[in-house]
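Chemist: Would you mind keeping the following structure in view while I ask a few things?
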Amino acid sequence: MEEVRVRFAPSPTGYLHIGGLRTALYNYLFARHNGGKFILRIEDTDRTRYVEGAIENLIESLQWAGIEYDEGVFLEDGKIVQKGPYGPYIQSERLDIYRKYVDELVKKGDAYYCFCSKERLDKVREEQKIKGLIPKYDGFCRSLSLEEAKQRIANGEEYVVRLKLPHNKDIKFHDMVRGDIVINTEDLDDQVLLKSDGYPTYHMAVVIDDHLMNITHIVRGEEWLPSTPKHVYLYEVFGWEKPTYVHLPTVLNKDRKKLSKRHGDVSVDDFKAKGYLPEGLVNYLALVGWSPESNEEIFDMEGLIKEFSFERVSKTGGIFDKDKLDWVNAHHIREYDLDKLTRLAIPYLIEAGYIDEKFAKEYFDWLKVMVDTVREGISTVSEVVDKVDIFFKDQIQLEGDEALEVLKQEQVPLLLEAIKEELASIEEIDEEYAKGFMKNIQKKTGIKGKKLFMPVRVALTGNTHGPELVNIIYLLGKQNILNRIEYVEKYYLKD
RNA sequence: GGCCCCAUGGUCAAGCGGUUAAGACACCGCCCUUUCACGGCGGUAACCCGGGUUCGAGUCCCGGUGGGGUCACCA
């Protein structure tokens, strides 16, 4: 069997979209699963939509997500470089190639020069719409003779090249997830292949490049399905072997519409900034539109590669469910390497004003314990910030009546006394000592269970909920605990 | 509007002619945890409608309805 070669071919028009990331991911998984090659090609044939820095961002996003490719466009020391035997991989650098094939098409009579102005085209479309017709090129230049066309070009007239589609011809192709699809050329337009600025349109460039780069499977969003017959027809006209098509279901928002910026966060950067782990995002995204045979939900990249297949890709568009993403991400956070997780959390802690660079360096081990104790209750890295205020605030703040109730319990004064007494006997709390701390208090007071833990928790944190108390005691340290007890005694136990 | 695609709980989804119609998220209980989480157990909840085909249809066919996509010198 021939080697699998797939590609992800985004346009540098902005940031990498979550839907785009999933397309890239499926390409990647398929390539790796089959021991094939994955290529990153840049489709920048629309000069008006080009965004500075978009290529760099695209590459960085893929890299962040852990999606690696073998050929195409890379970033080295901040510079865009290209690698691979089929370059260039940036379409704007392949203009002469497209030109050659366009000329071939014209020569063979499968394409023609068109001199219609934008204004005329708009007018035609407008009239068609009013008449209730399908907006479509009316074929005005279709029968122009080649000599006349050449003459007009020589005269300096602007022109485009259009595909000369045969009338009433069924174009058939097979899609790995949709099955057989037939579309009649009457429902298609004489698509522009070469624009007046000399750049090819997507439809031309994609066919040429996929063929020249030996792409075996075209894996892309289903929004491309209606224009696929144009591409198929081009393959037929050129006499090239067709690739296998795989059109992926759409990732939708809650309104069942295509994910868009208007409906919240859609760029990979947004999710990264919010503290989602690449492992979590990728894991979740893989599950929107695909399901493993094993029925499992938590995967690392290796697991996905092992299980992935297009046979199990669904036809139905899937809504991007943030709740489930959070759940998946939480799983990965709990199992993440603690050093790595702590490093990821530090920027959020600095931003929140809890620590600075110096502190992060000096007390890294302490931070590790802290991150480790709060990781159980969070679903994004940024949420550490919400959980650690208890370690940095000077005074506690009671959260709700429930917390106050706890402090009003009769055993509380005795408990606090016991803690002070216990702490008086030591210099500082180490991890080992912290483990036995509550037991010591229990022995001293004879109080146990909720009656013991809850008041201590509230006195130290102000909250009835929170991370493991033993860790809180260690993290706080002797002086902080004493301060908080004093505060509680002063303000909550007076009456 | 033409064309194309799609249709199982609120969401992601198994299912591929015969099942009590899996599982997961979310939600609600209970248990575990000397506290809090994690976790475990259980519960509520679905085959869009109508015709066929068949002994038998969520599964196959046709029609309808609904949703989405697409109709550019954008990709």
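Here, A, B, ... name the chains of the structure tokens in the order displayed, residue numbers run from 1 inside each chain, and ligands are numbered from 1 in the same displayed order.
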Dump as a PyMOL selection string the residues of chain B that approach chain A to within 6 Å, counting only C-alpha atoms (C1' of nucleotides).
Modeler: chain B and resi 2+4+6+25+34-37+69-70+73
Chemist: Excluding Gln479 (chain A) and its own-chain neighbours fewer than 3 positions away, which residues fall within 12 Å of it when counting only C-alpha atoms (C1' of nucleotides)? Please give them as a PyMOL selection string.
Modeler: chain A and resi 394+419-420+423-424+426-429+460+473-476+482-486
Chemist: From a DSSP pass on the backbone, collect the residues of region 5-158 of chain A flagged as helix (DSSP H, G or I) and hand them back as a PyMOL selection string.
Modeler: chain A and resi 18-33+47-49+54-65+91-93+95-108+118-130+146-154
Chemist: For the selection you just gave me, I'd like the residues written to a file as a compact mmCIF listing (two decimals), in the first residue's frame, keeping C-alpha atoms.
Modeler:
# COMPACT_ATOMS: atom_id res chain seq x y z
CA ILE A 18 -10.72 25.36 17.51
CA GLY A 19 -12.38 23.71 14.51
CA GLY A 20 -9.15 24.08 12.57
CA LEU A 21 -7.25 22.50 15.40
CA ARG A 22 -9.51 19.49 15.30
CA THR A 23 -9.04 19.17 11.55
CA ALA A 24 -5.29 19.31 12.04
CA LEU A 25 -5.56 16.80 14.84
CA TYR A 26 -7.51 14.27 12.79
CA ASN A 27 -5.04 14.61 9.96
CA TYR A 28 -2.20 14.09 12.36
CA LEU A 29 -3.78 11.12 14.10
CA PHE A 30 -4.57 9.46 10.81
CA ALA A 31 -1.04 9.99 9.51
CA ARG A 32 0.59 8.67 12.64
CA HIS A 33 -1.79 5.76 12.97
CA ARG A 47 -3.67 38.83 -0.44
CA THR A 48 -6.43 41.00 0.92
CA ARG A 49 -7.04 38.78 3.92
CA ALA A 54 -0.69 34.60 11.40
CA ILE A 55 1.64 31.93 10.05
CA GLU A 56 3.81 32.14 13.15
CA ASN A 57 0.76 31.92 15.36
CA LEU A 58 -0.58 28.94 13.46
CA ILE A 59 2.67 27.07 13.89
CA GLU A 60 2.97 27.95 17.55
CA SER A 61 -0.56 26.81 18.22
CA LEU A 62 0.02 23.45 16.58
CA GLN A 63 3.25 23.08 18.46
CA TRP A 64 1.55 23.91 21.74
CA ALA A 65 -1.10 21.32 21.03
CA GLN A 91 1.15 28.93 -2.09
CA SER A 92 2.13 32.51 -2.85
CA GLU A 93 5.55 31.12 -3.73
CA LEU A 95 2.49 31.13 -8.64
CA ASP A 96 4.47 30.01 -11.68
CA ILE A 97 3.41 26.43 -11.07
CA TYR A 98 -0.28 27.27 -11.07
CA ARG A 99 0.19 29.44 -14.11
CA LYS A 100 1.58 26.54 -16.04
CA TYR A 101 -1.38 24.32 -15.28
CA VAL A 102 -3.88 27.06 -15.97
CA ASP A 103 -2.30 27.56 -19.38
CA GLU A 104 -2.55 23.86 -20.00
CA LEU A 105 -6.24 23.92 -19.18
CA VAL A 106 -6.87 26.84 -21.49
CA LYS A 107 -4.95 25.18 -24.28
CA LYS A 108 -7.01 22.03 -23.88
CA LYS A 118 -16.87 42.93 -11.12
CA GLU A 119 -19.65 45.41 -11.77
CA ARG A 120 -21.17 43.33 -14.53
CA LEU A 121 -20.95 40.19 -12.42
CA ASP A 122 -22.65 41.91 -9.52
CA LYS A 123 -25.36 43.19 -11.80
CA VAL A 124 -25.99 39.78 -13.31
CA ARG A 125 -26.19 38.22 -9.89
CA GLU A 126 -28.55 40.89 -8.71
CA GLU A 127 -30.89 40.35 -11.64
CA GLN A 128 -30.82 36.62 -11.18
CA LYS A 129 -31.74 37.00 -7.56
CA ILE A 130 -34.67 39.24 -8.39
CA LEU A 146 -8.89 32.16 -28.03
CA GLU A 147 -7.55 34.59 -30.62
CA GLU A 148 -9.87 37.32 -29.53
CA ALA A 149 -9.09 36.69 -25.90
CA LYS A 150 -5.35 36.82 -26.56
CA GLN A 151 -5.82 40.06 -28.44
CA ARG A 152 -7.71 41.65 -25.57
CA ILE A 153 -5.07 40.50 -23.11
CA ALA A 154 -2.41 42.01 -25.37
Chemist: For G50 (chain B), please output as a VMD selection string all residues within 12 Å (counting only C-alpha atoms (C1' of nucleotides); exclusion window: fewer than 6 positions along the same chain).
Modeler: chain B and resid 62 to 65
Chemist: Take the residues from that selection and put them in a file with all heavy atoms, as a CSV table (one decimal), in the first residue's frame.
Modeler:
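The new file again_27.csv reads:
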chain,number,residue,atom,x,y,z
B,62,C,P,-34.1,6.2,-0.8
B,62,C,OP1,-33.4,6.8,-2.0
B,62,C,OP2,-33.6,6.6,0.6
B,62,C,O5',-35.6,6.6,-0.8
B,62,C,C5',-36.4,6.4,-2.1
B,62,C,C4',-37.8,6.8,-1.8
B,62,C,O4',-38.4,5.9,-0.8
B,62,C,C3',-38.0,8.1,-1.3
B,62,C,O3',-38.0,9.1,-2.3
B,62,C,C2',-39.4,8.0,-0.7
B,62,C,O2',-40.4,8.1,-1.7
B,62,C,C1',-39.4,6.6,-0.1
B,62,C,N1,-39.0,6.6,1.3
B,62,C,C2,-39.9,7.0,2.3
B,62,C,O2,-41.1,7.2,1.9
B,62,C,N3,-39.6,7.0,3.6
B,62,C,C4,-38.3,6.7,4.0
B,62,C,N4,-38.0,6.8,5.3
B,62,C,C5,-37.3,6.4,3.0
B,62,C,C6,-37.7,6.4,1.7
B,63,G,P,-37.6,10.6,-1.9
B,63,G,OP1,-37.5,11.4,-3.2
B,63,G,OP2,-36.5,10.6,-1.0
B,63,G,O5',-38.9,11.1,-1.1
B,63,G,C5',-40.1,11.4,-1.8
B,63,G,C4',-41.2,11.7,-0.8
B,63,G,O4',-41.3,10.6,0.1
B,63,G,C3',-40.9,12.9,0.1
B,63,G,O3',-41.1,14.2,-0.5
B,63,G,C2',-41.9,12.7,1.2
B,63,G,O2',-43.2,13.0,0.9
B,63,G,C1',-41.8,11.2,1.4
B,63,G,N9,-40.8,10.8,2.4
B,63,G,C8,-39.5,10.3,2.2
B,63,G,N7,-38.8,10.1,3.3
B,63,G,C5,-39.7,10.5,4.3
B,63,G,C6,-39.6,10.6,5.7
B,63,G,O6,-38.6,10.2,6.4
B,63,G,N1,-40.7,11.0,6.3
B,63,G,C2,-41.9,11.4,5.7
B,63,G,N2,-42.8,11.9,6.5
B,63,G,N3,-42.0,11.4,4.4
B,63,G,C4,-40.9,11.0,3.8
B,64,G,P,-40.4,15.5,0.0
B,64,G,OP1,-40.7,16.6,-1.0
B,64,G,OP2,-39.0,15.1,0.2
B,64,G,O5',-41.0,15.7,1.4
B,64,G,C5',-42.4,16.2,1.5
B,64,G,C4',-42.8,16.2,2.9
B,64,G,O4',-42.6,14.9,3.5
B,64,G,C3',-42.1,17.2,3.8
B,64,G,O3',-42.7,18.5,3.8
B,64,G,C2',-42.4,16.6,5.2
B,64,G,O2',-43.7,16.8,5.7
B,64,G,C1',-42.3,15.1,4.9
B,64,G,N9,-40.9,14.6,5.1
B,64,G,C8,-40.0,14.2,4.2
B,64,G,N7,-38.9,13.8,4.8
B,64,G,C5,-39.1,13.9,6.1
B,64,G,C6,-38.3,13.6,7.2
B,64,G,O6,-37.1,13.2,7.2
B,64,G,N1,-38.9,13.9,8.4
B,64,G,C2,-40.2,14.4,8.6
B,64,G,N2,-40.6,14.6,9.8
B,64,G,N3,-41.0,14.7,7.5
B,64,G,C4,-40.4,14.4,6.4
B,65,U,P,-41.8,19.8,3.9
B,65,U,OP1,-42.6,21.0,3.7
B,65,U,OP2,-40.5,19.5,3.2
B,65,U,O5',-41.5,19.7,5.5
B,65,U,C5',-42.5,19.9,6.5
B,65,U,C4',-42.0,19.6,7.9
B,65,U,O4',-41.6,18.2,8.0
B,65,U,C3',-40.7,20.4,8.3
B,65,U,O3',-41.0,21.7,8.7
B,65,U,C2',-40.2,19.5,9.4
B,65,U,O2',-40.9,19.7,10.6
B,65,U,C1',-40.4,18.1,8.8
B,65,U,N1,-39.3,17.6,8.0
B,65,U,C2,-38.2,17.1,8.7
B,65,U,O2,-38.1,17.0,9.9
B,65,U,N3,-37.2,16.6,7.9
B,65,U,C4,-37.1,16.6,6.6
B,65,U,O4,-36.1,16.2,6.0
B,65,U,C5,-38.3,17.2,5.9
B,65,U,C6,-39.3,17.6,6.7
Chemist: I want to know what sits within 12 Å of G9 (chain B), based on only C-alpha atoms (C1' of nucleotides), with residues of the same chain fewer than 2 positions away left out; could you give that as a PyMOL selection string?
Modeler: chain B and resi 11-13+21+26+44-47
Chemist: What's the 12 Å shell around Asp365 (chain A), counting only C-alpha atoms (C1' of nucleotides), without same-chain residues fewer than 3 positions away, as a list of chain:residue names?
Modeler: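 The contact residues come out as A:Leu338, A:Asp339, A:Thr342, A:Arg343, A:Phe359, A:Ala360, A:Lys361, A:Glu362, A:Lys368, A:Val369, A:Met370, A:Val371, A:Asp372, A:Glu431, A:Leu475.
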Chemist: Rounded to one decimal in Å, what is the spacing between CA of Met213 (chain A) and CA of Tyr86 (chain A)?
Modeler: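 Between CA of Met213 (chain A) and CA of Tyr86 (chain A) the gap works out to 5.6 Å.
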Chemist: Neighbouring residues of Gly280 (chain A) were defined as those with any atom within 8 Å, considering only C-alpha atoms (C1' of nucleotides); residues of the same chain fewer than 2 positions away were excluded. Please report them as a PyMOL selection string.
Modeler: chain A and resi 276-278+282-284+325+328-332
Chemist: Take the selection from the previous step and output its residues with C-alpha atoms, as a PDB file, in the first residue's frame.
Modeler:
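The resulting file, again_2.pdb, is shown below:
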ATOM      1  CA  TYR A 276      -6.456  24.532  29.508  1.00  0.00           C
ATOM      2  CA  LEU A 277      -3.719  21.993  29.064  1.00  0.00           C
ATOM      3  CA  PRO A 278      -2.925  21.084  25.483  1.00  0.00           C
ATOM      4  CA  VAL A 282      -6.735  17.804  22.321  1.00  0.00           C
ATOM      5  CA  ASN A 283      -8.311  14.934  24.238  1.00  0.00           C
ATOM      6  CA  TYR A 284     -11.691  16.620  24.330  1.00  0.00           C
ATOM      7  CA  LEU A 325     -13.968  19.968  28.193  1.00  0.00           C
ATOM      8  CA  VAL A 328     -11.533  16.140  30.600  1.00  0.00           C
ATOM      9  CA  ASN A 329      -9.060  18.875  31.378  1.00  0.00           C
ATOM     10  CA  ALA A 330      -9.505  18.312  35.109  1.00  0.00           C
ATOM     11  CA  HIS A 331      -8.508  14.708  34.600  1.00  0.00           C
ATOM     12  CA  HIS A 332      -5.298  15.723  32.922  1.00  0.00           C
TER      13      HIS A 332
END
Chemist: So that I can check the secondary structure, give me every residue of region 106-222 of chain A assigned strand (DSSP E or B) by backbone DSSP, as a PyMOL selection string.
Modeler: chain A and resi 111-114+160-163+170-175+179-184+192-194+200+217-221
Chemist: Separation of CA of Ile346 (chain A) and CA of Gly53 (chain A), in Å?
Modeler: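 If I compute the distance from CA of Ile346 (chain A) to CA of Gly53 (chain A), I get 27.1 Å.
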Chemist: Please measure the separation of CA of Ser267 (chain A) and CA of His231 (chain A), giving the value in Å to one decimal.
Modeler: 29.0 Å
Chemist: Could you name the residues that touch G15 (chain B) at 10 Å or less, counting only C-alpha atoms (C1' of nucleotides), but leaving out those on the same chain fewer than 5 positions away, as a list in words?
Modeler: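 Using only C-alpha atoms (C1' of nucleotides), the neighbours found are U8, A21, A22, G58 and U59 of chain B.
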Chemist: Go ahead and dump the residues you just picked, N, CA, C and O atoms (P, O5', C5', C4', C3', O3' and C1' of nucleotides), as a PDB file, in the first residue's frame.
Modeler:
ATOM      1  P     U B   8     -29.667  12.594  16.301  1.00  0.00           P
ATOM      2  O5'   U B   8     -30.288  11.687  17.453  1.00  0.00           O
ATOM      3  C5'   U B   8     -31.564  11.092  17.242  1.00  0.00           C
ATOM      4  C4'   U B   8     -31.788  10.080  18.317  1.00  0.00           C
ATOM      5  C3'   U B   8     -31.306  10.502  19.693  1.00  0.00           C
ATOM      6  O3'   U B   8     -32.284  11.296  20.348  1.00  0.00           O
ATOM      7  C1'   U B   8     -30.555   8.310  19.233  1.00  0.00           C
ATOM      8  P     A B  21     -34.736  -2.140  25.124  1.00  0.00           P
ATOM      9  O5'   A B  21     -33.318  -1.626  25.589  1.00  0.00           O
ATOM     10  C5'   A B  21     -32.169  -2.106  24.917  1.00  0.00           C
ATOM     11  C4'   A B  21     -31.316  -0.963  24.473  1.00  0.00           C
ATOM     12  C3'   A B  21     -31.030   0.118  25.516  1.00  0.00           C
ATOM     13  O3'   A B  21     -30.069  -0.347  26.443  1.00  0.00           O
ATOM     14  C1'   A B  21     -31.422   1.106  23.407  1.00  0.00           C
ATOM     15  P     A B  22     -29.615   0.633  27.592  1.00  0.00           P
ATOM     16  O5'   A B  22     -28.238   1.214  27.081  1.00  0.00           O
ATOM     17  C5'   A B  22     -27.241   1.574  27.997  1.00  0.00           C
ATOM     18  C4'   A B  22     -25.979   0.808  27.714  1.00  0.00           C
ATOM     19  C3'   A B  22     -24.749   1.458  28.301  1.00  0.00           C
ATOM     20  O3'   A B  22     -24.572   1.068  29.652  1.00  0.00           O
ATOM     21  C1'   A B  22     -24.369   1.037  26.033  1.00  0.00           C
ATOM     22  P     G B  58     -37.773   0.154  15.765  1.00  0.00           P
ATOM     23  O5'   G B  58     -36.806   1.333  15.256  1.00  0.00           O
ATOM     24  C5'   G B  58     -36.762   2.558  15.934  1.00  0.00           C
ATOM     25  C4'   G B  58     -35.608   3.377  15.440  1.00  0.00           C
ATOM     26  C3'   G B  58     -34.902   2.854  14.188  1.00  0.00           C
ATOM     27  O3'   G B  58     -35.463   3.450  13.047  1.00  0.00           O
ATOM     28  C1'   G B  58     -33.326   3.177  15.922  1.00  0.00           C
ATOM     29  P     U B  59     -35.156   2.930  11.565  1.00  0.00           P
ATOM     30  O5'   U B  59     -33.667   2.382  11.623  1.00  0.00           O
ATOM     31  C5'   U B  59     -32.658   2.926  10.772  1.00  0.00           C
ATOM     32  C4'   U B  59     -31.380   2.178  11.022  1.00  0.00           C
ATOM     33  C3'   U B  59     -31.062   1.119   9.972  1.00  0.00           C
ATOM     34  O3'   U B  59     -29.797   1.375   9.390  1.00  0.00           O
ATOM     35  C1'   U B  59     -30.970   0.208  12.186  1.00  0.00           C
TER      36        U B  59
END
